[in-house]
Structure formats: C-alpha cells, structure tokens
file my_file-v5.cif (mmCIF, N, CA and C atoms)
data_upload
#
loop_
_atom_site.label_atom_id
_atom_site.label_comp_id
_atom_site.auth_asym_id
_atom_site.auth_seq_id
_atom_site.Cartn_x
_atom_site.Cartn_y
_atom_site.Cartn_z
N HIS A 1 -21.52 3.82 73.13
CA HIS A 1 -21.94 5.16 72.82
C HIS A 1 -21.55 5.51 71.39
N ALA A 2 -22.27 6.43 70.83
CA ALA A 2 -21.99 6.86 69.45
C ALA A 2 -20.74 7.73 69.42
N GLU A 3 -19.88 7.45 68.49
CA GLU A 3 -18.67 8.25 68.32
C GLU A 3 -18.86 9.33 67.27
N GLU A 4 -19.76 9.06 66.35
CA GLU A 4 -19.98 10.00 65.25
C GLU A 4 -21.39 9.81 64.71
N CYS A 5 -21.96 10.87 64.22
CA CYS A 5 -23.28 10.82 63.61
C CYS A 5 -23.14 11.27 62.16
N ILE A 6 -23.51 10.40 61.24
CA ILE A 6 -23.46 10.71 59.82
C ILE A 6 -24.90 10.73 59.32
N LEU A 7 -25.26 11.76 58.58
CA LEU A 7 -26.61 11.87 58.06
C LEU A 7 -26.64 11.50 56.59
N TYR A 8 -27.46 10.50 56.27
CA TYR A 8 -27.63 10.05 54.89
C TYR A 8 -29.03 10.42 54.42
N SER A 9 -29.19 10.57 53.12
CA SER A 9 -30.50 10.89 52.57
C SER A 9 -30.70 10.20 51.23
N SER A 10 -31.93 9.73 51.01
CA SER A 10 -32.26 9.12 49.73
C SER A 10 -32.72 10.16 48.72
N SER A 11 -32.94 11.40 49.18
CA SER A 11 -33.44 12.42 48.26
C SER A 11 -32.81 13.80 48.43
N GLY A 12 -32.10 14.04 49.52
CA GLY A 12 -31.57 15.38 49.76
C GLY A 12 -30.06 15.45 49.85
N GLU A 13 -29.38 14.44 49.28
CA GLU A 13 -27.92 14.41 49.42
C GLU A 13 -27.31 15.70 48.88
N GLY A 14 -26.30 16.16 49.61
CA GLY A 14 -25.63 17.40 49.25
C GLY A 14 -26.14 18.60 50.02
N ASN A 15 -27.38 18.54 50.49
CA ASN A 15 -27.94 19.64 51.27
C ASN A 15 -27.41 19.59 52.70
N VAL A 16 -27.39 20.73 53.35
CA VAL A 16 -27.03 20.80 54.77
C VAL A 16 -28.31 20.62 55.56
N TYR A 17 -28.32 19.66 56.48
CA TYR A 17 -29.54 19.30 57.20
C TYR A 17 -30.20 20.49 57.90
N SER A 18 -29.42 21.30 58.58
CA SER A 18 -29.99 22.42 59.34
C SER A 18 -30.56 23.52 58.44
N GLU A 19 -30.20 23.53 57.17
CA GLU A 19 -30.81 24.51 56.26
C GLU A 19 -32.28 24.19 56.03
N GLY A 20 -32.62 22.93 56.07
CA GLY A 20 -34.01 22.52 55.95
C GLY A 20 -34.77 22.59 57.26
N TYR A 21 -34.02 22.56 58.36
CA TYR A 21 -34.59 22.61 59.71
C TYR A 21 -33.78 23.62 60.52
N PRO A 22 -34.04 24.93 60.30
CA PRO A 22 -33.22 25.97 60.91
C PRO A 22 -33.13 25.91 62.44
N HIS A 23 -34.13 25.36 63.09
CA HIS A 23 -34.07 25.26 64.55
C HIS A 23 -32.96 24.31 65.02
N LEU A 24 -32.38 23.55 64.09
CA LEU A 24 -31.28 22.64 64.44
C LEU A 24 -29.91 23.21 64.09
N THR A 25 -29.87 24.48 63.70
CA THR A 25 -28.59 25.12 63.40
C THR A 25 -27.66 25.01 64.61
N GLY A 26 -26.45 24.59 64.36
CA GLY A 26 -25.48 24.39 65.43
C GLY A 26 -25.50 22.98 65.99
N LEU A 27 -26.58 22.25 65.75
CA LEU A 27 -26.69 20.87 66.23
C LEU A 27 -26.54 19.86 65.10
N ALA A 28 -27.05 20.21 63.92
CA ALA A 28 -27.04 19.28 62.80
C ALA A 28 -26.70 20.04 61.52
N ASP A 29 -25.46 20.49 61.45
CA ASP A 29 -25.02 21.28 60.30
C ASP A 29 -24.28 20.43 59.26
N GLN A 30 -24.42 19.13 59.35
CA GLN A 30 -23.73 18.24 58.42
C GLN A 30 -24.41 18.26 57.05
N GLN A 31 -23.58 18.01 56.05
CA GLN A 31 -24.10 17.83 54.71
C GLN A 31 -24.64 16.41 54.60
N LEU A 32 -25.82 16.27 54.00
CA LEU A 32 -26.41 14.95 53.83
C LEU A 32 -25.64 14.16 52.78
N LYS A 33 -25.31 12.92 53.13
CA LYS A 33 -24.55 12.06 52.23
C LYS A 33 -25.49 11.15 51.46
N PRO A 34 -25.11 10.77 50.25
CA PRO A 34 -25.95 9.83 49.49
C PRO A 34 -25.91 8.43 50.11
N ILE A 35 -26.96 7.69 49.89
CA ILE A 35 -27.01 6.31 50.37
C ILE A 35 -26.30 5.43 49.34
N ASP A 36 -25.08 5.09 49.64
CA ASP A 36 -24.24 4.26 48.78
C ASP A 36 -23.73 3.10 49.64
N MET A 37 -24.27 1.92 49.41
CA MET A 37 -23.95 0.77 50.26
C MET A 37 -22.46 0.46 50.29
N ASN A 38 -21.75 0.67 49.19
CA ASN A 38 -20.31 0.39 49.17
C ASN A 38 -19.54 1.29 50.12
N THR A 39 -20.03 2.50 50.33
CA THR A 39 -19.41 3.44 51.26
C THR A 39 -19.92 3.23 52.68
N ILE A 40 -21.24 3.13 52.82
CA ILE A 40 -21.86 3.02 54.14
C ILE A 40 -21.31 1.85 54.94
N LYS A 41 -21.14 0.70 54.30
CA LYS A 41 -20.72 -0.49 55.05
C LYS A 41 -19.34 -0.34 55.69
N HIS A 42 -18.57 0.65 55.24
CA HIS A 42 -17.26 0.91 55.84
C HIS A 42 -17.29 2.06 56.84
N GLU A 43 -18.43 2.75 56.92
CA GLU A 43 -18.51 3.94 57.77
C GLU A 43 -19.27 3.74 59.07
N ILE A 44 -20.22 2.81 59.09
CA ILE A 44 -21.10 2.72 60.26
C ILE A 44 -21.31 1.28 60.72
N ASP A 45 -21.76 1.15 61.97
CA ASP A 45 -22.12 -0.15 62.55
C ASP A 45 -23.62 -0.25 62.77
N ILE A 46 -24.28 0.91 62.93
CA ILE A 46 -25.70 0.95 63.24
C ILE A 46 -26.34 2.12 62.49
N MET A 47 -27.57 1.92 62.03
CA MET A 47 -28.27 3.00 61.34
C MET A 47 -29.70 3.10 61.87
N PHE A 48 -30.08 4.31 62.20
CA PHE A 48 -31.47 4.62 62.52
C PHE A 48 -32.12 5.10 61.23
N LEU A 49 -33.23 4.49 60.87
CA LEU A 49 -33.96 4.92 59.68
C LEU A 49 -35.22 5.67 60.10
N ALA A 50 -35.40 6.83 59.54
CA ALA A 50 -36.63 7.62 59.71
C ALA A 50 -36.98 8.08 58.30
N ALA A 51 -37.43 7.14 57.51
CA ALA A 51 -37.57 7.35 56.08
C ALA A 51 -39.03 7.37 55.63
N PRO A 52 -39.28 7.95 54.47
CA PRO A 52 -40.63 7.94 53.91
C PRO A 52 -41.08 6.51 53.60
N PRO A 53 -42.39 6.31 53.47
CA PRO A 53 -42.91 4.97 53.15
C PRO A 53 -42.21 4.37 51.92
N GLY A 54 -41.84 3.11 52.05
CA GLY A 54 -41.21 2.38 50.97
C GLY A 54 -39.70 2.36 51.00
N VAL A 55 -39.09 3.34 51.64
CA VAL A 55 -37.63 3.43 51.65
C VAL A 55 -37.02 2.42 52.62
N SER A 56 -37.55 2.35 53.83
CA SER A 56 -36.98 1.44 54.83
C SER A 56 -37.07 -0.02 54.42
N SER A 57 -38.20 -0.40 53.83
CA SER A 57 -38.35 -1.81 53.43
C SER A 57 -37.37 -2.19 52.33
N GLU A 58 -36.93 -1.22 51.56
CA GLU A 58 -35.93 -1.47 50.52
C GLU A 58 -34.52 -1.47 51.09
N LEU A 59 -34.24 -0.55 52.01
CA LEU A 59 -32.88 -0.41 52.56
C LEU A 59 -32.52 -1.43 53.63
N THR A 60 -33.47 -1.78 54.48
CA THR A 60 -33.17 -2.63 55.64
C THR A 60 -32.48 -3.94 55.25
N PRO A 61 -32.98 -4.70 54.28
CA PRO A 61 -32.28 -5.95 53.92
C PRO A 61 -30.85 -5.71 53.42
N LYS A 62 -30.65 -4.64 52.67
CA LYS A 62 -29.30 -4.33 52.16
C LYS A 62 -28.35 -3.98 53.31
N LEU A 63 -28.85 -3.19 54.25
CA LEU A 63 -28.03 -2.82 55.41
C LEU A 63 -27.71 -4.05 56.26
N ALA A 64 -28.71 -4.88 56.50
CA ALA A 64 -28.50 -6.10 57.29
C ALA A 64 -27.49 -7.03 56.61
N ASP A 65 -27.59 -7.17 55.29
CA ASP A 65 -26.64 -8.01 54.55
C ASP A 65 -25.21 -7.48 54.67
N ALA A 66 -25.08 -6.17 54.86
CA ALA A 66 -23.76 -5.55 55.02
C ALA A 66 -23.28 -5.61 56.46
N GLY A 67 -24.07 -6.24 57.35
CA GLY A 67 -23.68 -6.39 58.75
C GLY A 67 -23.99 -5.18 59.62
N ILE A 68 -24.86 -4.32 59.13
CA ILE A 68 -25.21 -3.10 59.87
C ILE A 68 -26.49 -3.34 60.65
N THR A 69 -26.49 -3.01 61.93
CA THR A 69 -27.68 -3.10 62.76
C THR A 69 -28.62 -1.96 62.36
N VAL A 70 -29.91 -2.28 62.19
CA VAL A 70 -30.88 -1.29 61.76
C VAL A 70 -31.94 -1.09 62.84
N ILE A 71 -32.19 0.16 63.18
CA ILE A 71 -33.31 0.52 64.03
C ILE A 71 -34.23 1.37 63.17
N ASP A 72 -35.37 0.80 62.80
CA ASP A 72 -36.28 1.44 61.85
C ASP A 72 -37.40 2.16 62.59
N LEU A 73 -37.52 3.45 62.38
CA LEU A 73 -38.54 4.26 63.02
C LEU A 73 -39.75 4.49 62.11
N SER A 74 -39.70 3.94 60.91
CA SER A 74 -40.82 4.12 59.97
C SER A 74 -41.86 3.03 60.17
N GLY A 75 -42.91 3.08 59.40
CA GLY A 75 -43.96 2.08 59.49
C GLY A 75 -43.77 0.91 58.55
N ASP A 76 -42.77 0.96 57.68
CA ASP A 76 -42.60 -0.08 56.67
C ASP A 76 -42.56 -1.49 57.25
N LEU A 77 -41.78 -1.68 58.27
CA LEU A 77 -41.60 -3.02 58.83
C LEU A 77 -42.34 -3.19 60.15
N ARG A 78 -42.89 -2.12 60.65
CA ARG A 78 -43.60 -2.15 61.94
C ARG A 78 -45.05 -2.58 61.77
N ILE A 79 -45.71 -2.13 60.72
CA ILE A 79 -47.11 -2.45 60.48
C ILE A 79 -47.18 -3.76 59.70
N LYS A 80 -47.68 -4.80 60.35
CA LYS A 80 -47.66 -6.15 59.77
C LYS A 80 -48.81 -6.43 58.82
N GLU A 81 -49.98 -5.86 59.08
CA GLU A 81 -51.16 -6.13 58.26
C GLU A 81 -51.16 -5.24 57.02
N PRO A 82 -51.15 -5.83 55.82
CA PRO A 82 -51.13 -5.03 54.59
C PRO A 82 -52.27 -4.00 54.51
N ALA A 83 -53.46 -4.37 54.93
CA ALA A 83 -54.59 -3.44 54.86
C ALA A 83 -54.37 -2.23 55.77
N GLU A 84 -53.78 -2.46 56.92
CA GLU A 84 -53.51 -1.36 57.86
C GLU A 84 -52.43 -0.43 57.30
N TYR A 85 -51.39 -1.03 56.72
CA TYR A 85 -50.33 -0.24 56.09
C TYR A 85 -50.91 0.63 54.98
N GLU A 86 -51.72 0.02 54.11
CA GLU A 86 -52.32 0.75 52.99
C GLU A 86 -53.24 1.86 53.48
N LYS A 87 -53.93 1.61 54.59
CA LYS A 87 -54.82 2.63 55.17
C LYS A 87 -54.03 3.88 55.56
N TRP A 88 -52.89 3.69 56.21
CA TRP A 88 -52.10 4.82 56.71
C TRP A 88 -51.23 5.47 55.65
N TYR A 89 -50.66 4.68 54.76
CA TYR A 89 -49.68 5.20 53.82
C TYR A 89 -50.18 5.36 52.39
N LYS A 90 -51.41 4.92 52.13
CA LYS A 90 -52.03 5.09 50.81
C LYS A 90 -51.16 4.52 49.70
N ARG A 91 -50.55 3.37 49.99
CA ARG A 91 -49.73 2.66 49.01
C ARG A 91 -49.72 1.19 49.36
N THR A 92 -49.41 0.36 48.41
CA THR A 92 -49.39 -1.08 48.61
C THR A 92 -48.26 -1.46 49.55
N ALA A 93 -48.57 -2.36 50.46
CA ALA A 93 -47.57 -2.81 51.45
C ALA A 93 -46.54 -3.70 50.80
#
call {"tool": "encode", "arguments": {"input": "my_file-v5.cif", "output": "structure tokens"}}
result
Amino acid sequence: HAEECILYSSSGEGNVYSEGYPHLTGLADQQLKPIDMNTIKHEIDIMFLAAPPGVSSELTPKLADAGITVIDLSGDLRIKEPAEYEKWYKRTA
C-alpha cells in the first residue's frame, strides 16, 4: 500500500495542486514538486505518470534507470503505431 503521495510537475512546480482543481481541496493540497531525478530516486519506489504528450517518453527511461517502477497513463508508450500517435497528438511519435 502507498505510504505517501508526492505530486511532481514538469510545468507547475511550486503551485498547490488543489488551487488548480478546487474540487480536490482537502484531498490534494500538496505543493507540486519539480521533477529532479537526483531527489526523486531517494523519495519514491513507484510513479504514476499522467503527463502531456512527449513528457512520459522522456521521463520513463530515466525513472526506470533509477530503479523506479513506472505506471504510465499517457499515450506516449501505449500507442505503438507512429501514424496513430501523430493522429491523436498532432506531433511526431
């Protein structure tokens, strides 16, 4: 079971998560932390990624190299066909 939930962000570090999503006030009032591999590898064992296109494919190998289990909820590594990825995300796979 999870002992702690830490929220990281590639673009919103320093913001309080529930300020952007007021319906989560009281549930997710943590400040978003920057994605710093030197820090992360000492803080977590598993990371769920729900990132914008392009972010997960860049982060996943770094996290795996640091021994962190990754569960990716984005389409970066899920959509195998480049043409299908480009169709949905309007960017090169």
call {"tool": "select_by_dssp", "arguments": {"input": "my_file-v5.cif", "residues": "chain A", "states": "alpha helix (DSSP H)", "output": "PyMOL selection string"}}
result
chain A and resi 17-20+37-43+55-65+82-89
call {"tool": "write_last_selection", "arguments": {"input": "my_file-v5.cif", "atoms": "N, CA and C atoms", "output": "mmCIF file, in the frame of the given file"}}
result
data_model
loop_
_atom_site.group_PDB
_atom_site.id
_atom_site.type_symbol
_atom_site.label_atom_id
_atom_site.label_comp_id
_atom_site.auth_asym_id
_atom_site.auth_seq_id
_atom_site.Cartn_x
_atom_site.Cartn_y
_atom_site.Cartn_z
ATOM 1 N N TYR A 17 -28.320 19.660 56.480
ATOM 2 C CA TYR A 17 -29.540 19.300 57.200
ATOM 3 C C TYR A 17 -30.200 20.490 57.900
ATOM 4 N N SER A 18 -29.420 21.300 58.580
ATOM 5 C CA SER A 18 -29.990 22.420 59.340
ATOM 6 C C SER A 18 -30.560 23.520 58.440
ATOM 7 N N GLU A 19 -30.200 23.530 57.170
ATOM 8 C CA GLU A 19 -30.810 24.510 56.260
ATOM 9 C C GLU A 19 -32.280 24.190 56.030
ATOM 10 N N GLY A 20 -32.620 22.930 56.070
ATOM 11 C CA GLY A 20 -34.010 22.520 55.950
ATOM 12 C C GLY A 20 -34.770 22.590 57.260
ATOM 13 N N MET A 37 -24.270 1.920 49.410
ATOM 14 C CA MET A 37 -23.950 0.770 50.260
ATOM 15 C C MET A 37 -22.460 0.460 50.290
ATOM 16 N N ASN A 38 -21.750 0.670 49.190
ATOM 17 C CA ASN A 38 -20.310 0.390 49.170
ATOM 18 C C ASN A 38 -19.540 1.290 50.120
ATOM 19 N N THR A 39 -20.030 2.500 50.330
ATOM 20 C CA THR A 39 -19.410 3.440 51.260
ATOM 21 C C THR A 39 -19.920 3.230 52.680
ATOM 22 N N ILE A 40 -21.240 3.130 52.820
ATOM 23 C CA ILE A 40 -21.860 3.020 54.140
ATOM 24 C C ILE A 40 -21.310 1.850 54.940
ATOM 25 N N LYS A 41 -21.140 0.700 54.300
ATOM 26 C CA LYS A 41 -20.720 -0.490 55.050
ATOM 27 C C LYS A 41 -19.340 -0.340 55.690
ATOM 28 N N HIS A 42 -18.570 0.650 55.240
ATOM 29 C CA HIS A 42 -17.260 0.910 55.840
ATOM 30 C C HIS A 42 -17.290 2.060 56.840
ATOM 31 N N GLU A 43 -18.430 2.750 56.920
ATOM 32 C CA GLU A 43 -18.510 3.940 57.770
ATOM 33 C C GLU A 43 -19.270 3.740 59.070
ATOM 34 N N VAL A 55 -39.090 3.340 51.640
ATOM 35 C CA VAL A 55 -37.630 3.430 51.650
ATOM 36 C C VAL A 55 -37.020 2.420 52.620
ATOM 37 N N SER A 56 -37.550 2.350 53.830
ATOM 38 C CA SER A 56 -36.980 1.440 54.830
ATOM 39 C C SER A 56 -37.070 -0.020 54.420
ATOM 40 N N SER A 57 -38.200 -0.400 53.830
ATOM 41 C CA SER A 57 -38.350 -1.810 53.430
ATOM 42 C C SER A 57 -37.370 -2.190 52.330
ATOM 43 N N GLU A 58 -36.930 -1.220 51.560
ATOM 44 C CA GLU A 58 -35.930 -1.470 50.520
ATOM 45 C C GLU A 58 -34.520 -1.470 51.090
ATOM 46 N N LEU A 59 -34.240 -0.550 52.010
ATOM 47 C CA LEU A 59 -32.880 -0.410 52.560
ATOM 48 C C LEU A 59 -32.520 -1.430 53.630
ATOM 49 N N THR A 60 -33.470 -1.780 54.480
ATOM 50 C CA THR A 60 -33.170 -2.630 55.640
ATOM 51 C C THR A 60 -32.480 -3.940 55.250
ATOM 52 N N PRO A 61 -32.980 -4.700 54.280
ATOM 53 C CA PRO A 61 -32.280 -5.950 53.920
ATOM 54 C C PRO A 61 -30.850 -5.710 53.420
ATOM 55 N N LYS A 62 -30.650 -4.640 52.670
ATOM 56 C CA LYS A 62 -29.300 -4.330 52.160
ATOM 57 C C LYS A 62 -28.350 -3.980 53.310
ATOM 58 N N LEU A 63 -28.850 -3.190 54.250
ATOM 59 C CA LEU A 63 -28.030 -2.820 55.410
ATOM 60 C C LEU A 63 -27.710 -4.050 56.260
ATOM 61 N N ALA A 64 -28.710 -4.880 56.500
ATOM 62 C CA ALA A 64 -28.500 -6.100 57.290
ATOM 63 C C ALA A 64 -27.490 -7.030 56.610
ATOM 64 N N ASP A 65 -27.590 -7.170 55.290
ATOM 65 C CA ASP A 65 -26.640 -8.010 54.550
ATOM 66 C C ASP A 65 -25.210 -7.480 54.670
ATOM 67 N N PRO A 82 -51.150 -5.830 55.820
ATOM 68 C CA PRO A 82 -51.130 -5.030 54.590
ATOM 69 C C PRO A 82 -52.270 -4.000 54.510
ATOM 70 N N ALA A 83 -53.460 -4.370 54.930
ATOM 71 C CA ALA A 83 -54.590 -3.440 54.860
ATOM 72 C C ALA A 83 -54.370 -2.230 55.770
ATOM 73 N N GLU A 84 -53.780 -2.460 56.920
ATOM 74 C CA GLU A 84 -53.510 -1.360 57.860
ATOM 75 C C GLU A 84 -52.430 -0.430 57.300
ATOM 76 N N TYR A 85 -51.390 -1.030 56.720
ATOM 77 C CA TYR A 85 -50.330 -0.240 56.090
ATOM 78 C C TYR A 85 -50.910 0.630 54.980
ATOM 79 N N GLU A 86 -51.720 0.020 54.110
ATOM 80 C CA GLU A 86 -52.320 0.750 52.990
ATOM 81 C C GLU A 86 -53.240 1.860 53.480
ATOM 82 N N LYS A 87 -53.930 1.610 54.590
ATOM 83 C CA LYS A 87 -54.820 2.630 55.170
ATOM 84 C C LYS A 87 -54.030 3.880 55.560
ATOM 85 N N TRP A 88 -52.890 3.690 56.210
ATOM 86 C CA TRP A 88 -52.100 4.820 56.710
ATOM 87 C C TRP A 88 -51.230 5.470 55.650
ATOM 88 N N TYR A 89 -50.660 4.680 54.760
ATOM 89 C CA TYR A 89 -49.680 5.200 53.820
ATOM 90 C C TYR A 89 -50.180 5.360 52.390
#
call {"tool": "residues_around", "arguments": {"input": "my_file-v5.cif", "residues": "Leu63 (chain A)", "least_positions_apart": "5", "cutoff": "8 Å", "atoms": "only N, CA and C atoms", "output": "ChimeraX atom specification"}}
result
/A:37,41,58,68-70
call {"tool": "closest_residue", "arguments": {"input": "my_file-v5.cif", "among": "A:Pro52, A:Tyr8, A:Gly20, A:Leu73", "to": "Leu32 (chain A)", "atoms": "only C-alpha atoms"}}
result
A:Tyr8
call {"tool": "resolve_selection", "arguments": {"input": "my_file-v5.cif", "expression": "the PyMOL selection byres (((chain A and resi 28 and name CA) around 9) and name CA)", "output": "ChimeraX atom specification"}}
result
/A:7,16-18,21,24-27,29-31
call {"tool": "atom_distance", "arguments": {"input": "my_file-v5.cif", "atom1": "atom N of Asn15 (chain A)", "atom2": "atom N of Ala66 (chain A)"}}
result
25.2 Å
call {"tool": "closest_residue", "arguments": {"input": "my_file-v5.cif", "among": "A:Gly75, A:Gly54, A:Ile46, A:Ser9", "to": "Pro34 (chain A)", "atoms": "all atoms listed in the file"}}
result
A:Ser9
call {"tool": "select_by_dssp", "arguments": {"input": "my_file-v5.cif", "residues": "chain A", "states": "strand (DSSP E or B)", "output": "JSON, numbers by chain"}}
result
{"A": [8, 9, 16, 31, 33, 34, 46, 47, 48, 49, 69, 70, 71, 72]}
call {"tool": "write_last_selection", "arguments": {"input": "my_file-v5.cif", "atoms": "N, CA and C atoms", "output": "short mmCIF file (atom, residue, chain, number, x, y, z; two decimals), in the frame of the given file"}}
result
data_model
loop_
_atom_site.label_atom_id
_atom_site.label_comp_id
_atom_site.auth_asym_id
_atom_site.auth_seq_id
_atom_site.Cartn_x
_atom_site.Cartn_y
_atom_site.Cartn_z
N TYR A 8 -27.46 10.50 56.27
CA TYR A 8 -27.63 10.05 54.89
C TYR A 8 -29.03 10.42 54.42
N SER A 9 -29.19 10.57 53.12
CA SER A 9 -30.50 10.89 52.57
C SER A 9 -30.70 10.20 51.23
N VAL A 16 -27.39 20.73 53.35
CA VAL A 16 -27.03 20.80 54.77
C VAL A 16 -28.31 20.62 55.56
N GLN A 31 -23.58 18.01 56.05
CA GLN A 31 -24.10 17.83 54.71
C GLN A 31 -24.64 16.41 54.60
N LYS A 33 -25.31 12.92 53.13
CA LYS A 33 -24.55 12.06 52.23
C LYS A 33 -25.49 11.15 51.46
N PRO A 34 -25.11 10.77 50.25
CA PRO A 34 -25.95 9.83 49.49
C PRO A 34 -25.91 8.43 50.11
N ILE A 46 -24.28 0.91 62.93
CA ILE A 46 -25.70 0.95 63.24
C ILE A 46 -26.34 2.12 62.49
N MET A 47 -27.57 1.92 62.03
CA MET A 47 -28.27 3.00 61.34
C MET A 47 -29.70 3.10 61.87
N PHE A 48 -30.08 4.31 62.20
CA PHE A 48 -31.47 4.62 62.52
C PHE A 48 -32.12 5.10 61.23
N LEU A 49 -33.23 4.49 60.87
CA LEU A 49 -33.96 4.92 59.68
C LEU A 49 -35.22 5.67 60.10
N THR A 69 -26.49 -3.01 61.93
CA THR A 69 -27.68 -3.10 62.76
C THR A 69 -28.62 -1.96 62.36
N VAL A 70 -29.91 -2.28 62.19
CA VAL A 70 -30.88 -1.29 61.76
C VAL A 70 -31.94 -1.09 62.84
N ILE A 71 -32.19 0.16 63.18
CA ILE A 71 -33.31 0.52 64.03
C ILE A 71 -34.23 1.37 63.17
N ASP A 72 -35.37 0.80 62.80
CA ASP A 72 -36.28 1.44 61.85
C ASP A 72 -37.40 2.16 62.59
#
call {"tool": "residues_around", "arguments": {"input": "my_file-v5.cif", "residues": "Asp72 (chain A)", "least_positions_apart": "3", "cutoff": "6 Å", "atoms": "all atoms listed in the file", "output": "tab-separated table (two decimals) with N, CA and C atoms, keeping the file's coordinate frame"}}
result
chain	number	residue	atom	x	y	z
A	48	PHE	N	-30.08	4.31	62.20
A	48	PHE	CA	-31.47	4.62	62.52
A	48	PHE	C	-32.12	5.10	61.23
A	49	LEU	N	-33.23	4.49	60.87
A	49	LEU	CA	-33.96	4.92	59.68
A	49	LEU	C	-35.22	5.67	60.10
A	50	ALA	N	-35.40	6.83	59.54
A	50	ALA	CA	-36.63	7.62	59.71
A	50	ALA	C	-36.98	8.08	58.30
call {"tool": "residues_near_point", "arguments": {"input": "my_file-v5.cif", "point": "(-32.5, 8.9, 47.5)", "cutoff": "10 Å", "atoms": "only C-alpha atoms", "output": "list in words"}}
result
Tyr8, Ser9, Ser10, Ser11, Gly12, Glu13, Lys33, Pro34, Ile35, Asp36 and Val55 of chain A
call {"tool": "atom_distance", "arguments": {"input": "my_file-v5.cif", "atom1": "atom C of Leu59 (chain A)", "atom2": "CA of Ile40 (chain A)"}}
result
11.6 Å
call {"tool": "atom_distance", "arguments": {"input": "my_file-v5.cif", "atom1": "atom C of Ile44 (chain A)", "atom2": "atom C of His23 (chain A)"}}
result
26.2 Å
call {"tool": "closest_residue", "arguments": {"input": "my_file-v5.cif", "among": "A:Ala93, A:Glu84, A:Thr60, A:Gly67", "to": "Asp45 (chain A)", "atoms": "all atoms listed in the file"}}
result
A:Gly67
